[in-house]
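What follows is my_file.cif (mmCIF, C-alpha atoms).
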data_protein
loop_
_atom_site.label_atom_id
_atom_site.label_comp_id
_atom_site.auth_asym_id
_atom_site.auth_seq_id
_atom_site.Cartn_x
_atom_site.Cartn_y
_atom_site.Cartn_z
CA MET A 1 90.35 69.98 95.26
CA ARG A 2 92.18 73.29 95.51
CA TYR A 3 93.57 75.04 92.44
CA PHE A 4 95.91 77.98 91.98
CA ILE A 5 95.31 80.44 89.14
CA THR A 6 98.22 82.60 88.02
CA LEU A 7 97.12 85.72 86.17
CA SER A 8 98.13 89.21 85.13
CA TYR A 9 96.08 92.34 84.58
CA ASP A 10 96.15 95.96 83.56
CA GLY A 11 94.56 97.73 86.51
CA THR A 12 93.67 100.95 84.68
CA ARG A 13 89.91 100.49 84.62
CA PHE A 14 89.60 98.40 87.78
CA HIS A 15 88.85 99.54 91.31
CA GLY A 16 91.58 97.23 92.54
CA TRP A 17 91.68 93.47 92.96
CA GLN A 18 89.07 93.10 95.69
CA ILE A 19 85.33 93.10 95.03
CA GLN A 20 83.85 96.57 95.61
CA PRO A 21 80.19 97.53 96.11
CA ASN A 22 80.33 100.40 93.60
CA GLY A 23 83.11 99.56 91.17
CA ILE A 24 84.43 96.83 88.91
CA SER A 25 87.23 94.63 90.29
CA VAL A 26 89.50 91.90 88.95
CA GLN A 27 88.29 89.44 91.57
CA GLU A 28 84.69 89.98 90.48
CA GLU A 29 85.54 89.42 86.80
CA LEU A 30 87.46 86.22 87.57
CA GLN A 31 84.76 84.81 89.84
CA ARG A 32 82.07 85.51 87.27
CA ALA A 33 84.02 83.77 84.51
CA LEU A 34 84.90 80.75 86.67
CA SER A 35 81.35 80.34 87.92
CA LEU A 36 80.01 80.44 84.37
CA LEU A 37 82.48 77.85 83.06
CA LEU A 38 82.17 75.51 86.04
CA ARG A 39 78.39 75.99 86.33
CA GLN A 40 78.51 76.63 90.06
CA ASP A 41 79.23 79.52 92.38
CA VAL A 42 83.00 79.78 92.75
CA ALA A 43 84.81 82.07 95.20
CA VAL A 44 88.43 83.03 94.56
CA THR A 45 90.91 84.19 97.18
CA GLY A 46 93.79 86.39 96.03
CA ALA A 47 97.37 86.58 97.26
CA GLY A 48 96.70 90.17 98.32
CA ARG A 49 95.04 93.39 97.30
CA THR A 50 96.05 95.91 94.71
CA ASP A 51 94.58 99.39 94.84
CA THR A 52 92.60 101.18 92.16
CA GLY A 53 94.70 101.62 89.01
CA VAL A 54 97.55 99.34 90.14
CA HIS A 55 98.65 96.57 87.75
CA ALA A 56 99.86 93.01 88.28
CA ARG A 57 102.28 91.07 86.11
CA MET A 58 101.70 88.18 88.50
CA MET A 59 98.73 87.66 90.78
CA VAL A 60 97.85 84.31 92.30
CA ALA A 61 94.41 83.24 93.47
CA HIS A 62 92.97 79.94 94.67
CA PHE A 63 89.56 78.32 94.39
CA ASP A 64 88.02 75.04 95.55
CA VAL A 65 85.79 72.69 93.54
CA ALA A 66 84.87 69.04 94.01
CA GLU A 67 85.78 68.19 90.43
CA LEU A 68 86.87 70.06 87.31
CA PRO A 69 84.77 69.26 84.23
CA MET A 70 87.86 69.87 82.03
CA ASP A 71 91.63 69.77 82.34
CA CYS A 72 93.59 72.75 83.68
CA ARG A 73 94.97 73.84 80.31
CA GLN A 74 91.51 73.83 78.79
CA LEU A 75 90.12 75.82 81.71
CA ALA A 76 92.88 78.43 81.35
CA TYR A 77 92.17 78.66 77.60
CA LYS A 78 88.42 79.10 78.13
CA LEU A 79 88.94 81.65 80.89
CA ASN A 80 91.10 83.72 78.55
CA LYS A 81 88.40 83.60 75.89
CA LEU A 82 85.79 84.74 78.38
CA LEU A 83 87.70 87.35 80.37
CA PRO A 84 88.23 90.92 79.07
CA GLN A 85 91.43 91.83 77.23
CA ASP A 86 92.98 93.48 80.29
CA VAL A 87 93.02 90.22 82.29
CA ALA A 88 95.11 87.21 81.22
CA ILE A 89 95.40 83.74 82.75
CA GLN A 90 98.86 82.16 82.64
CA GLN A 91 98.03 78.82 84.22
CA VAL A 92 95.65 76.81 86.39
CA GLU A 93 97.19 74.05 88.52
CA PRO A 94 96.12 71.71 91.33
CA VAL A 95 97.80 72.29 94.69
CA ALA A 96 97.73 70.71 98.12
CA ASP A 97 94.61 71.43 100.15
CA ASP A 98 96.59 73.41 102.72
CA MET A 99 98.11 75.77 100.13
CA HIS A 100 96.69 79.28 100.42
CA ALA A 101 97.16 82.01 97.82
CA ARG A 102 97.67 84.63 100.51
CA PHE A 103 99.01 82.92 103.63
CA SER A 104 101.36 80.48 101.89
CA ALA A 105 103.18 83.29 100.07
CA VAL A 106 106.61 84.00 101.54
CA ALA A 107 107.51 87.12 99.53
CA ARG A 108 106.02 89.69 97.19
CA THR A 109 107.85 92.03 94.84
CA TYR A 110 106.60 95.35 93.49
CA HIS A 111 108.03 97.55 90.74
CA TYR A 112 107.45 101.29 90.45
CA TYR A 113 108.46 103.02 87.20
CA LEU A 114 109.79 106.58 86.82
CA HIS A 115 110.90 108.62 83.80
CA THR A 116 112.33 112.13 83.62
CA VAL A 117 111.49 113.27 80.09
CA LYS A 118 108.12 113.49 78.39
CA SER A 119 107.23 110.31 76.50
CA PRO A 120 103.93 109.39 74.86
CA PHE A 121 104.86 105.70 75.20
CA LEU A 122 105.58 105.64 78.94
CA ARG A 123 102.82 107.85 80.29
CA GLN A 124 100.33 105.03 80.99
CA TYR A 125 102.67 102.84 83.03
CA SER A 126 105.39 105.14 84.39
CA CYS A 127 105.39 108.31 86.48
CA GLU A 128 106.85 111.37 84.75
CA LEU A 129 108.94 113.70 86.94
CA HIS A 130 110.23 117.04 85.71
CA TYR A 131 112.81 117.95 88.35
CA PRO A 132 116.41 116.80 88.91
CA LEU A 133 116.77 113.80 91.23
CA ASP A 134 119.81 112.48 93.07
CA PHE A 135 119.25 108.78 92.45
CA GLN A 136 122.36 107.82 94.42
CA LYS A 137 120.95 109.47 97.55
CA MET A 138 117.58 107.84 96.88
CA ASN A 139 119.27 104.45 96.74
CA GLU A 140 121.11 105.10 99.99
CA ALA A 141 117.77 105.87 101.63
CA ALA A 142 116.11 102.82 100.06
CA ALA A 143 118.85 100.55 101.44
CA MET A 144 117.95 101.69 104.97
CA LEU A 145 114.53 100.03 104.70
CA THR A 146 115.99 96.54 105.12
CA ALA A 147 117.16 97.49 108.62
CA TYR A 148 113.63 98.20 109.93
CA ASP A 149 110.58 96.08 110.63
CA ASP A 150 107.88 98.67 111.40
CA PHE A 151 106.60 100.69 108.45
CA GLY A 152 103.80 102.66 110.03
CA ALA A 153 105.22 105.81 108.38
CA PHE A 154 104.19 104.42 104.99
CA CYS A 155 100.78 103.00 105.88
CA LYS A 156 97.64 104.73 104.63
CA SER A 157 96.09 106.80 107.42
CA HIS A 158 93.26 105.07 109.30
CA ALA A 159 93.91 101.79 107.46
CA ASP A 160 92.33 98.77 109.12
CA VAL A 161 95.50 96.79 109.87
CA LYS A 162 96.40 94.75 112.93
CA THR A 163 100.12 95.35 112.59
CA THR A 164 102.48 97.58 110.60
CA LEU A 165 105.34 95.09 110.85
CA CYS A 166 106.91 93.94 107.57
CA ARG A 167 110.22 92.35 106.61
CA VAL A 168 111.77 94.14 103.63
CA THR A 169 114.56 92.09 102.05
CA LYS A 170 115.30 94.27 99.01
CA ALA A 171 114.75 97.91 98.10
CA GLU A 172 116.69 99.55 95.28
CA LEU A 173 116.47 101.88 92.30
CA ARG A 174 118.12 101.00 89.02
CA GLN A 175 118.32 102.73 85.68
CA THR A 176 116.58 100.90 82.82
CA GLY A 177 117.00 103.48 80.03
CA ASP A 178 118.46 106.91 79.28
CA HIS A 179 115.74 108.63 81.30
CA GLU A 180 113.98 105.67 82.87
CA TRP A 181 114.24 104.21 86.35
CA LEU A 182 112.74 101.31 88.23
CA PHE A 183 112.23 100.97 91.97
CA GLU A 184 112.07 97.36 93.16
CA ILE A 185 111.01 96.32 96.64
CA THR A 186 110.52 92.84 98.08
CA ALA A 187 108.93 92.02 101.43
CA ASN A 188 107.00 89.26 103.14
CA ARG A 189 103.95 91.55 103.23
CA PHE A 190 102.97 95.11 102.36
CA LEU A 191 100.74 97.67 104.00
CA ARG A 192 98.04 99.51 102.14
CA ASN A 193 99.60 102.24 99.98
CA MET A 194 103.07 101.36 101.34
CA VAL A 195 105.04 101.19 98.10
CA ARG A 196 103.66 104.43 96.68
CA ALA A 197 104.38 106.20 99.99
CA VAL A 198 107.93 104.83 100.08
CA VAL A 199 108.58 106.05 96.52
CA GLY A 200 107.10 109.45 97.33
CA THR A 201 109.44 109.78 100.31
CA LEU A 202 112.45 108.67 98.26
CA VAL A 203 111.59 111.34 95.70
CA GLU A 204 111.72 113.94 98.49
CA VAL A 205 115.22 112.70 99.30
CA GLY A 206 116.18 112.86 95.63
CA ARG A 207 114.96 116.44 95.38
CA GLY A 208 116.97 117.47 98.44
CA ARG A 209 113.90 118.20 100.52
CA LEU A 210 114.75 115.41 102.98
CA SER A 211 118.21 114.41 104.15
CA LEU A 212 119.14 110.80 104.83
CA ASP A 213 118.85 111.56 108.55
CA ASP A 214 115.38 113.00 107.96
CA PHE A 215 114.42 109.83 106.10
CA ARG A 216 115.73 107.65 108.93
CA ARG A 217 113.87 109.69 111.55
CA GLY A 218 110.69 109.47 109.50
CA VAL A 219 110.84 105.68 109.35
CA GLU A 220 111.62 105.44 113.05
CA GLY A 221 108.86 107.92 113.92
CA ARG A 222 106.27 105.61 112.31
CA ARG A 223 103.91 108.52 111.61
CA ARG A 224 102.44 108.91 108.13
CA THR A 225 102.72 112.71 108.36
CA GLU A 226 106.53 112.46 108.43
CA ALA A 227 106.75 110.62 105.09
CA GLY A 228 106.32 111.93 101.55
CA GLU A 229 103.18 112.03 99.46
CA SER A 230 101.81 108.91 97.84
CA MET A 231 102.80 108.55 94.18
CA PRO A 232 100.27 107.90 91.38
CA ALA A 233 98.94 104.34 91.07
CA HIS A 234 99.38 103.86 87.32
CA ALA A 235 103.16 103.29 87.58
CA LEU A 236 102.95 100.50 90.18
CA PHE A 237 103.07 96.78 89.33
CA LEU A 238 102.78 93.72 91.53
CA GLU A 239 105.65 91.91 89.84
CA ARG A 240 106.09 88.55 91.54
CA ILE A 241 104.81 86.34 94.37
CA ASP A 242 107.01 83.61 95.84
CA TYR A 243 105.77 80.48 97.60
#

Could I get this file's structure written as structure tokens?
Amino acid sequence: MRYFITLSYDGTRFHGWQIQPNGISVQEELQRALSLLLRQDVAVTGAGRTDTGVHARMMVAHFDVAELPMDCRQLAYKLNKLLPQDVAIQQVEPVADDMHARFSAVARTYHYYLHTVKSPFLRQYSCELHYPLDFQKMNEAAAMLTAYDDFGAFCKSHADVKTTLCRVTKAELRQTGDHEWLFEITANRFLRNMVRAVVGTLVEVGRGRLSLDDFRRGVEGRRRTEAGESMPAHALFLERIDY
């Protein structure tokens, strides 16, 4: 039987989702807890990877076992008791054998948080910027992303990817407070470091360092050197996965 686990986590102390040889990961913590409760070696496959320090309000993973020794609600409860405080299970549910946490997903949504005044309450999960930004221009640039399908300009240099093609269906900034902003982007897939590189390039537009034509040429040029710097990881959340 195949089961989906829906979970969330604070990525601050993790070296990303994927198991690492020299660092703690969310996948490792989940596999250890599942294997202990089910009394067998259990491998989990995630819907994707999040980098070091990146958070997830919704991550989905699947695992296969011949038979659960308890019902799904009880397993979720016991996992939450066993896992550390920065990882939370929302539900465990049986799915069809051909459902795959990664390949069956049709869309993923990320949020990146920005604020423009010092705040002791935002600093852990939002990026503080101290210079004026033209958010209207940034939104005009963001809207251009839905017209392109190759995002090599925003892919981490030397990343091991077979293709830099993605289908972005939404990209916009919206104000969520007096000095707080949220960037939301939805696509069928994302490249490594893509969202943080997109936000960094939009910030360059907002500061007046790049024009809208510069932004367009950068996307079309598909070279990482033509895009802005990658933004800090702590303000990025994997928000939603659609199946």

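Between A:Val92 and the candidates A:Thr6, A:Asn80, A:Thr116, A:Thr176, the tightest atom-to-atom separation, counting only C-alpha atoms, involves A:Thr6.
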
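Residues in contact range of A:Glu172, defined as at most 6 Å between only C-alpha atoms, with sequence neighbours fewer than 3 positions away removed, read Asn139, Ala142, Phe183 and Glu184 of chain A.
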
Identify all residues satisfying the PyMOL selection byres ((chain A and resi 140) around 10) in the given file; provide them as an NGL selection string. :A and (135-139 or 141-145 or 171-173 or 202 or 205 or 212)

Could the residues in this selection be saved with C-alpha atoms as a PDB file, in the frame of the given file?
ATOM      1  CA  PHE A 135     119.250 108.780  92.450  1.00  0.00           C
ATOM      2  CA  GLN A 136     122.360 107.820  94.420  1.00  0.00           C
ATOM      3  CA  LYS A 137     120.950 109.470  97.550  1.00  0.00           C
ATOM      4  CA  MET A 138     117.580 107.840  96.880  1.00  0.00           C
ATOM      5  CA  ASN A 139     119.270 104.450  96.740  1.00  0.00           C
ATOM      6  CA  ALA A 141     117.770 105.870 101.630  1.00  0.00           C
ATOM      7  CA  ALA A 142     116.110 102.820 100.060  1.00  0.00           C
ATOM      8  CA  ALA A 143     118.850 100.550 101.440  1.00  0.00           C
ATOM      9  CA  MET A 144     117.950 101.690 104.970  1.00  0.00           C
ATOM     10  CA  LEU A 145     114.530 100.030 104.700  1.00  0.00           C
ATOM     11  CA  ALA A 171     114.750  97.910  98.100  1.00  0.00           C
ATOM     12  CA  GLU A 172     116.690  99.550  95.280  1.00  0.00           C
ATOM     13  CA  LEU A 173     116.470 101.880  92.300  1.00  0.00           C
ATOM     14  CA  LEU A 202     112.450 108.670  98.260  1.00  0.00           C
ATOM     15  CA  VAL A 205     115.220 112.700  99.300  1.00  0.00           C
ATOM     16  CA  LEU A 212     119.140 110.800 104.830  1.00  0.00           C
TER      17      LEU A 212
END

Under the PyMOL selection byres ((chain A and resi 104) around 12), which residues of this model are included? Write them out as a VMD selection string. chain A and resid 4 46 to 48 60 to 62 95 to 103 105 to 108 188 to 189 241 to 243

Serialized selection, C-alpha atoms, as a CSV table (one decimal), in the coordinates of the input:
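Output file out_18.csv is given in full below:
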chain,number,residue,atom,x,y,z
A,4,PHE,CA,95.9,78.0,92.0
A,46,GLY,CA,93.8,86.4,96.0
A,47,ALA,CA,97.4,86.6,97.3
A,48,GLY,CA,96.7,90.2,98.3
A,60,VAL,CA,97.8,84.3,92.3
A,61,ALA,CA,94.4,83.2,93.5
A,62,HIS,CA,93.0,79.9,94.7
A,95,VAL,CA,97.8,72.3,94.7
A,96,ALA,CA,97.7,70.7,98.1
A,97,ASP,CA,94.6,71.4,100.2
A,98,ASP,CA,96.6,73.4,102.7
A,99,MET,CA,98.1,75.8,100.1
A,100,HIS,CA,96.7,79.3,100.4
A,101,ALA,CA,97.2,82.0,97.8
A,102,ARG,CA,97.7,84.6,100.5
A,103,PHE,CA,99.0,82.9,103.6
A,105,ALA,CA,103.2,83.3,100.1
A,106,VAL,CA,106.6,84.0,101.5
A,107,ALA,CA,107.5,87.1,99.5
A,108,ARG,CA,106.0,89.7,97.2
A,188,ASN,CA,107.0,89.3,103.1
A,189,ARG,CA,104.0,91.6,103.2
A,241,ILE,CA,104.8,86.3,94.4
A,242,ASP,CA,107.0,83.6,95.8
A,243,TYR,CA,105.8,80.5,97.6

Could you tell me which residues the PyMOL selection byres ((chain A and resi 82) around 10) returns for this structure, as a PDB file with C-alpha atoms, in the frame of the given file?
ATOM      1  CA  GLU A  29      85.540  89.420  86.800  1.00  0.00           C
ATOM      2  CA  LEU A  30      87.460  86.220  87.570  1.00  0.00           C
ATOM      3  CA  ARG A  32      82.070  85.510  87.270  1.00  0.00           C
ATOM      4  CA  ALA A  33      84.020  83.770  84.510  1.00  0.00           C
ATOM      5  CA  LEU A  34      84.900  80.750  86.670  1.00  0.00           C
ATOM      6  CA  LEU A  36      80.010  80.440  84.370  1.00  0.00           C
ATOM      7  CA  LEU A  37      82.480  77.850  83.060  1.00  0.00           C
ATOM      8  CA  ALA A  76      92.880  78.430  81.350  1.00  0.00           C
ATOM      9  CA  TYR A  77      92.170  78.660  77.600  1.00  0.00           C
ATOM     10  CA  LYS A  78      88.420  79.100  78.130  1.00  0.00           C
ATOM     11  CA  LEU A  79      88.940  81.650  80.890  1.00  0.00           C
ATOM     12  CA  ASN A  80      91.100  83.720  78.550  1.00  0.00           C
ATOM     13  CA  LYS A  81      88.400  83.600  75.890  1.00  0.00           C
ATOM     14  CA  LEU A  83      87.700  87.350  80.370  1.00  0.00           C
ATOM     15  CA  PRO A  84      88.230  90.920  79.070  1.00  0.00           C
ATOM     16  CA  GLN A  85      91.430  91.830  77.230  1.00  0.00           C
ATOM     17  CA  VAL A  87      93.020  90.220  82.290  1.00  0.00           C
TER      18      VAL A  87
END
